[in-house]
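To start, the structure under review is shown below, and the notes come after it.
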There are 2 protein chains.
Amino acid sequence: MSLRHALLGLLVDHPASGYDLLKAFDTSLANVWPATQSQIYGELTKLADNGLIVVSEQGPRGRKEYTLTDTGLAELRRWLIETEPQRTTRSDVLLRVFFLGVLTPQQARDYLDSQAVHAAELHANLKALDAAIEWDDEDLSVYGRIALEYGQRFTAMQQEWAEWARTQVRST
Amino acid sequence: MSLRHALLGLLVDHPASGYDLLKAFDTSLANVWPATQSQIYGELTKLADNGLIVVSEQGPRGRKEYTLTDTGLAELRRWLIETEPQRTTRSDVLLRVFFLGVLTPQQARDYLDSQAVHAAELHANLKALDAAIEWDDEDLSVYGRIALEYGQRFTAMQQEWAEWARTQVRST
DNA sequence: TATCGACATGTCAAGAGTGGAAGGTAGAGT
DNA sequence: ACTCTACCTTCCACTCTTGACATGTCGATA
């Protein structure tokens, strides 16, 4: 149900069309809350039906620009303050670790190596992104920065873990 | 679909009923791949239909014990070796960070504090679990240990990050 | 012997997420 | 004038996930 609020959140700063939001998801939110086109358009319609957003402008090519309403902003705040974030995470990467015993030690090590490499790549990407952005004191920057820092710490942790884990697999 | 393979993985060591597997999910796999009862029973039926598992014994109270077939084990191995883990993660906790700008700095700090506390609790739980288990050299132990280590590193990272993040929010 | 808690499975509705097809317009460049 | 690309939305079919309800049995114990 977070998709709903993610859309509201993106509409806080400025009105946007489904297409704009789709791009926003593909770029900034891709690593945190991926969403597909079908999902976004559908959810926007529902949000508009419920009065949390309104069509503020119709553009060329059937473009509909949505603007957040006061109700919508209130709902976003309510969500942030009153509801607990869902902490159920699913990790395919980690699930597989439980079953590495059915493979040979070499195959298990290969798997862990591959995870280490992948984490290293992600980490490098995020680091480059961090360096490329000019951070100022705007709210968006502060919180964007905090989120990016999370990503960097997370990928670093994953890499270190995978490299350590590799050494734990007996070398038979 | 990882649930399918999670079930196959759990059946490697010994036959089990839906009920047994449900408990296994609630305990060991809960943090990695949560699943509900409806999902598990449904999936077991499908797996049996496809010959990846068979009903090896019928017990009291309609209990059906499933055993992994050779086909099932082969499929598990194929999944581990040939398919890439899906890395799309959704984090409600992090999503909210992007939108903390609509709250007051105090509210934002409260949110981050609360995440730090929560991470600390999880970390303490995992540490206690680690201490309570007698680890030996069995495969299951080795990989269980590796997974648990991931959890400990992850929660520690989250706590440190949230505490750091808290200091980044301007104190207006 | 009655009953209660743990054991055990099945089903259903609704929501969330995936992937793709289909349909169409505006504008920029050749 | 033409075509191509980017823009923009809607709809559909499917799978996955959640939560709840329904149904019943075994075994211990009061």
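Ligands are numbered from 1 in the order shown, chains are lettered A, B, ... in the order of the structure tokens, and residues start at 1 in each chain.
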Residues of chain D within 12 Å of chain A, only C-alpha atoms (C1' of nucleotides) counted, as a count of residues only
8
What are the DSSP strand (DSSP E) residues of region 43-116 of chain A, as a list of chain:residue names?
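DSSP-assigned strand (DSSP E) residues in region 43-116 of chain A: A:Ile53, A:Val54, A:Val55, A:Ser56, A:Glu57, A:Gln58, A:Lys64, A:Glu65, A:Tyr66, A:Thr67, A:Leu68.
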Lay chain B over chain A using all C-alpha atoms, matched one to one in order, with a least-squares fit; then write it out as a compact mmCIF listing (two decimals) with C-alpha atoms, in the first residue's frame.
```
# COMPACT_ATOMS: atom_id res chain seq x y z
CA MET B 1 0.08 0.06 0.50
CA SER B 2 3.10 2.26 0.08
CA LEU B 3 2.82 2.92 -3.64
CA ARG B 4 -0.12 5.15 -2.93
CA HIS B 5 1.92 7.22 -0.52
CA ALA B 6 5.00 7.22 -2.69
CA LEU B 7 2.94 8.93 -5.39
CA LEU B 8 1.56 11.46 -2.95
CA GLY B 9 5.09 12.14 -1.78
CA LEU B 10 6.35 12.76 -5.27
CA LEU B 11 3.52 15.19 -5.92
CA VAL B 12 4.36 17.34 -2.91
CA ASP B 13 6.94 19.47 -4.68
CA HIS B 14 5.23 19.99 -7.99
CA PRO B 15 2.38 18.66 -10.09
CA ALA B 16 3.26 15.80 -12.43
CA SER B 17 1.74 13.45 -14.96
CA GLY B 18 1.72 9.68 -14.80
CA TYR B 19 4.53 9.69 -17.27
CA ASP B 20 6.61 12.03 -15.13
CA LEU B 21 6.01 9.89 -12.09
CA LEU B 22 6.92 6.77 -13.98
CA LYS B 23 10.29 8.30 -14.73
CA ALA B 24 10.70 9.39 -11.14
CA PHE B 25 10.15 5.81 -10.06
CA ASP B 26 12.58 4.48 -12.59
CA THR B 27 15.29 6.83 -11.41
CA SER B 28 15.17 8.01 -7.83
CA LEU B 29 12.83 5.47 -6.25
CA ALA B 30 13.83 2.46 -8.30
CA ASN B 31 16.00 1.03 -5.53
CA VAL B 32 13.52 1.64 -2.80
CA TRP B 33 10.12 1.01 -4.24
CA PRO B 34 9.99 -0.14 -7.87
CA ALA B 35 6.70 0.27 -9.68
CA THR B 36 5.44 -0.44 -13.14
CA GLN B 37 3.55 1.78 -15.48
CA SER B 38 0.27 -0.14 -15.08
CA GLN B 39 0.47 0.18 -11.37
CA ILE B 40 1.14 3.89 -11.42
CA TYR B 41 -1.62 4.85 -13.83
CA GLY B 42 -4.08 2.64 -12.00
CA GLU B 43 -3.18 4.06 -8.64
CA LEU B 44 -3.37 7.65 -9.87
CA THR B 45 -6.93 7.06 -11.02
CA LYS B 46 -7.85 5.68 -7.63
CA LEU B 47 -6.17 8.56 -5.82
CA ALA B 48 -8.07 11.03 -7.97
CA ASP B 49 -11.33 9.19 -7.29
CA ASN B 50 -10.68 9.51 -3.59
CA GLY B 51 -9.85 13.20 -3.82
CA LEU B 52 -6.26 12.91 -2.66
CA ILE B 53 -5.08 14.38 -5.94
CA VAL B 54 -6.80 16.29 -8.77
CA VAL B 55 -6.20 16.73 -12.46
CA SER B 56 -4.89 20.28 -12.53
CA GLU B 57 -4.01 20.56 -16.17
CA GLN B 58 -4.50 18.72 -19.41
CA GLY B 59 -1.61 18.84 -21.82
CA PRO B 60 -0.88 17.60 -25.31
CA ARG B 61 -1.15 13.87 -26.11
CA GLY B 62 -3.80 13.40 -23.46
CA ARG B 63 -1.36 14.34 -20.76
CA LYS B 64 -2.99 14.78 -17.37
CA GLU B 65 -1.12 16.63 -14.74
CA TYR B 66 -2.04 15.78 -11.18
CA THR B 67 -1.76 18.07 -8.20
CA LEU B 68 -1.80 17.05 -4.56
CA THR B 69 -4.83 18.23 -2.60
CA ASP B 70 -4.86 19.27 1.04
CA THR B 71 -6.50 15.96 1.84
CA GLY B 72 -3.70 14.21 0.04
CA LEU B 73 -1.00 16.05 1.93
CA ALA B 74 -2.76 15.35 5.20
CA GLU B 75 -2.93 11.66 4.31
CA LEU B 76 0.78 11.64 3.52
CA ARG B 77 1.57 13.18 6.90
CA ARG B 78 -0.76 10.77 8.65
CA TRP B 79 0.99 7.86 6.99
CA LEU B 80 4.41 9.11 8.02
CA ILE B 81 3.53 9.87 11.59
CA GLU B 82 0.85 7.43 12.59
CA THR B 83 1.62 4.25 10.75
CA GLU B 84 4.54 1.98 11.40
CA PRO B 85 6.68 1.11 8.40
CA GLN B 86 6.25 -2.46 7.32
CA ARG B 87 9.45 -4.24 7.98
CA THR B 88 8.82 -7.52 6.21
CA THR B 89 11.66 -7.86 3.82
CA ARG B 90 12.13 -10.62 1.33
CA SER B 91 15.63 -11.36 0.20
CA ASP B 92 16.08 -13.83 -2.58
CA VAL B 93 19.84 -13.50 -2.20
CA LEU B 94 19.73 -14.53 1.44
CA LEU B 95 17.11 -17.20 0.96
CA ARG B 96 19.44 -19.01 -1.35
CA VAL B 97 22.18 -18.99 1.26
CA PHE B 98 20.09 -21.30 3.42
CA PHE B 99 20.17 -23.92 0.72
CA LEU B 100 23.76 -23.68 -0.48
CA GLY B 101 24.38 -26.98 1.29
CA VAL B 102 22.88 -28.85 -1.66
CA LEU B 103 25.64 -27.52 -3.88
CA THR B 104 29.35 -28.32 -3.85
CA PRO B 105 31.53 -26.01 -1.74
CA GLN B 106 32.97 -24.61 -4.94
CA GLN B 107 29.56 -23.76 -6.31
CA ALA B 108 28.61 -22.18 -3.01
CA ARG B 109 31.74 -20.05 -3.06
CA ASP B 110 31.01 -19.02 -6.62
CA TYR B 111 27.60 -17.86 -5.57
CA LEU B 112 28.97 -15.78 -2.72
CA ASP B 113 31.68 -14.35 -4.94
CA SER B 114 29.13 -13.30 -7.43
CA GLN B 115 27.12 -11.55 -4.72
CA ALA B 116 30.25 -9.74 -3.57
CA VAL B 117 30.97 -8.53 -7.08
CA HIS B 118 27.44 -7.40 -7.57
CA ALA B 119 27.38 -5.50 -4.30
CA ALA B 120 30.68 -3.86 -5.19
CA GLU B 121 29.25 -2.67 -8.49
CA LEU B 122 26.19 -1.22 -6.86
CA HIS B 123 28.35 0.45 -4.28
CA ALA B 124 30.54 2.03 -6.94
CA ASN B 125 27.46 3.32 -8.77
CA LEU B 126 26.06 4.93 -5.67
CA LYS B 127 29.39 6.47 -4.79
CA ALA B 128 29.65 7.97 -8.25
CA LEU B 129 26.11 9.27 -7.97
CA ASP B 130 26.90 10.82 -4.63
CA ALA B 131 29.93 12.57 -6.08
CA ALA B 132 28.00 13.80 -9.11
CA ILE B 133 25.21 15.50 -7.22
CA GLU B 134 25.65 18.99 -5.90
CA TRP B 135 24.17 18.85 -2.47
CA ASP B 136 22.71 21.95 -0.90
CA ASP B 137 20.64 22.53 2.18
CA GLU B 138 17.24 21.96 0.68
CA ASP B 139 14.98 19.48 2.39
CA LEU B 140 14.96 17.25 -0.62
CA SER B 141 18.72 17.22 -0.65
CA VAL B 142 19.05 16.47 3.01
CA TYR B 143 16.76 13.48 2.87
CA GLY B 144 17.93 12.33 -0.52
CA ARG B 145 21.44 12.43 0.85
CA ILE B 146 20.38 10.36 3.86
CA ALA B 147 18.76 7.76 1.64
CA LEU B 148 21.80 7.59 -0.60
CA GLU B 149 24.02 7.15 2.40
CA TYR B 150 21.87 4.19 3.39
CA GLY B 151 22.44 2.66 0.00
CA GLN B 152 26.16 3.12 0.24
CA ARG B 153 26.37 1.63 3.71
CA PHE B 154 24.10 -1.22 2.71
CA THR B 155 26.01 -2.23 -0.39
CA ALA B 156 29.32 -1.93 1.45
CA MET B 157 27.97 -4.19 4.18
CA GLN B 158 26.76 -6.71 1.63
CA GLN B 159 30.10 -6.81 -0.09
CA GLU B 160 32.04 -7.28 3.14
CA TRP B 161 29.62 -9.94 4.29
CA ALA B 162 29.82 -11.91 1.05
CA GLU B 163 33.60 -11.78 1.10
CA TRP B 164 33.68 -12.97 4.67
CA ALA B 165 31.05 -15.64 4.00
CA ARG B 166 33.15 -17.02 1.20
CA THR B 167 35.93 -17.79 3.67
CA GLN B 168 33.53 -19.71 5.88
CA VAL B 169 32.76 -22.34 3.28
CA ARG B 170 35.05 -25.29 3.89
CA SER B 171 37.50 -25.75 1.04
CA THR B 172 36.80 -29.43 0.29
```
Residues of chain C that approach chain B to 10 Å or less, counting only C-alpha atoms (C1' of nucleotides): could you list each one with the shortest pair of atoms and its distance in Å to one decimal, rows by chain and increasing residue number, as a tab-separated table?
```
residue	atom	partner	partner_atom	distance
C:DC7	C1'	B:Arg61	CA	7.3
C:DA8	C1'	B:Arg61	CA	5.9
C:DT9	C1'	B:Gly62	CA	7.2
C:DG10	C1'	B:Tyr41	CA	8.2
C:DT11	C1'	B:Ser38	CA	8.7
```
When you draw a straight line from C1' of DG19 (chain C) to C1' of DC4 (chain D), how long is it in Å?
25.3 Å
Determine which residues of region 21-147 of chain A DSSP labels as alpha helix (DSSP H) from the backbone of this structure, then write them out as a PyMOL selection string.
chain A and resi 21-27+37-49+70-82+92-98+105-132+139-147
Please, could you write that set of residues out with C-alpha atoms as a CSV table (one decimal), in the first residue's frame?
```
chain,number,residue,atom,x,y,z
A,21,LEU,CA,6.0,9.9,-12.1
A,22,LEU,CA,6.9,6.8,-14.0
A,23,LYS,CA,10.2,8.3,-14.8
A,24,ALA,CA,10.6,9.4,-11.2
A,25,PHE,CA,10.1,5.8,-10.1
A,26,ASP,CA,12.5,4.5,-12.6
A,27,THR,CA,15.2,6.9,-11.5
A,37,GLN,CA,3.5,1.8,-15.5
A,38,SER,CA,0.3,-0.2,-15.1
A,39,GLN,CA,0.5,0.2,-11.3
A,40,ILE,CA,1.1,3.9,-11.4
A,41,TYR,CA,-1.6,4.8,-13.8
A,42,GLY,CA,-4.1,2.6,-12.0
A,43,GLU,CA,-3.2,4.1,-8.6
A,44,LEU,CA,-3.4,7.6,-9.9
A,45,THR,CA,-6.9,7.0,-11.0
A,46,LYS,CA,-7.8,5.7,-7.6
A,47,LEU,CA,-6.2,8.6,-5.8
A,48,ALA,CA,-8.1,11.0,-7.9
A,49,ASP,CA,-11.3,9.2,-7.3
A,70,ASP,CA,-4.8,19.3,1.0
A,71,THR,CA,-6.5,16.0,1.8
A,72,GLY,CA,-3.7,14.2,0.0
A,73,LEU,CA,-1.0,16.1,1.9
A,74,ALA,CA,-2.7,15.4,5.2
A,75,GLU,CA,-2.9,11.7,4.3
A,76,LEU,CA,0.8,11.7,3.5
A,77,ARG,CA,1.6,13.2,6.9
A,78,ARG,CA,-0.7,10.8,8.6
A,79,TRP,CA,1.0,7.9,7.0
A,80,LEU,CA,4.4,9.1,8.0
A,81,ILE,CA,3.5,9.9,11.6
A,82,GLU,CA,0.9,7.5,12.6
A,92,ASP,CA,16.1,-13.8,-2.6
A,93,VAL,CA,19.9,-13.5,-2.2
A,94,LEU,CA,19.8,-14.5,1.4
A,95,LEU,CA,17.1,-17.2,0.9
A,96,ARG,CA,19.5,-19.0,-1.4
A,97,VAL,CA,22.2,-19.0,1.2
A,98,PHE,CA,20.1,-21.3,3.4
A,105,PRO,CA,31.5,-26.0,-1.8
A,106,GLN,CA,33.0,-24.6,-5.0
A,107,GLN,CA,29.6,-23.8,-6.3
A,108,ALA,CA,28.6,-22.2,-3.0
A,109,ARG,CA,31.8,-20.1,-3.1
A,110,ASP,CA,31.0,-19.0,-6.6
A,111,TYR,CA,27.6,-17.9,-5.6
A,112,LEU,CA,29.0,-15.8,-2.7
A,113,ASP,CA,31.7,-14.4,-4.9
A,114,SER,CA,29.2,-13.3,-7.4
A,115,GLN,CA,27.2,-11.6,-4.7
A,116,ALA,CA,30.3,-9.8,-3.5
A,117,VAL,CA,31.0,-8.5,-7.0
A,118,HIS,CA,27.5,-7.4,-7.5
A,119,ALA,CA,27.4,-5.5,-4.3
A,120,ALA,CA,30.7,-3.9,-5.1
A,121,GLU,CA,29.3,-2.7,-8.4
A,122,LEU,CA,26.2,-1.2,-6.8
A,123,HIS,CA,28.4,0.4,-4.2
A,124,ALA,CA,30.6,2.0,-6.9
A,125,ASN,CA,27.5,3.3,-8.7
A,126,LEU,CA,26.1,4.9,-5.6
A,127,LYS,CA,29.4,6.4,-4.7
A,128,ALA,CA,29.7,7.9,-8.2
A,129,LEU,CA,26.2,9.3,-7.9
A,130,ASP,CA,27.0,10.8,-4.6
A,131,ALA,CA,30.0,12.5,-6.0
A,132,ALA,CA,28.1,13.8,-9.0
A,139,ASP,CA,15.0,19.5,2.4
A,140,LEU,CA,15.0,17.3,-0.6
A,141,SER,CA,18.8,17.2,-0.6
A,142,VAL,CA,19.1,16.5,3.1
A,143,TYR,CA,16.8,13.5,2.9
A,144,GLY,CA,18.0,12.4,-0.5
A,145,ARG,CA,21.5,12.4,0.9
A,146,ILE,CA,20.4,10.3,3.9
A,147,ALA,CA,18.8,7.8,1.6
```
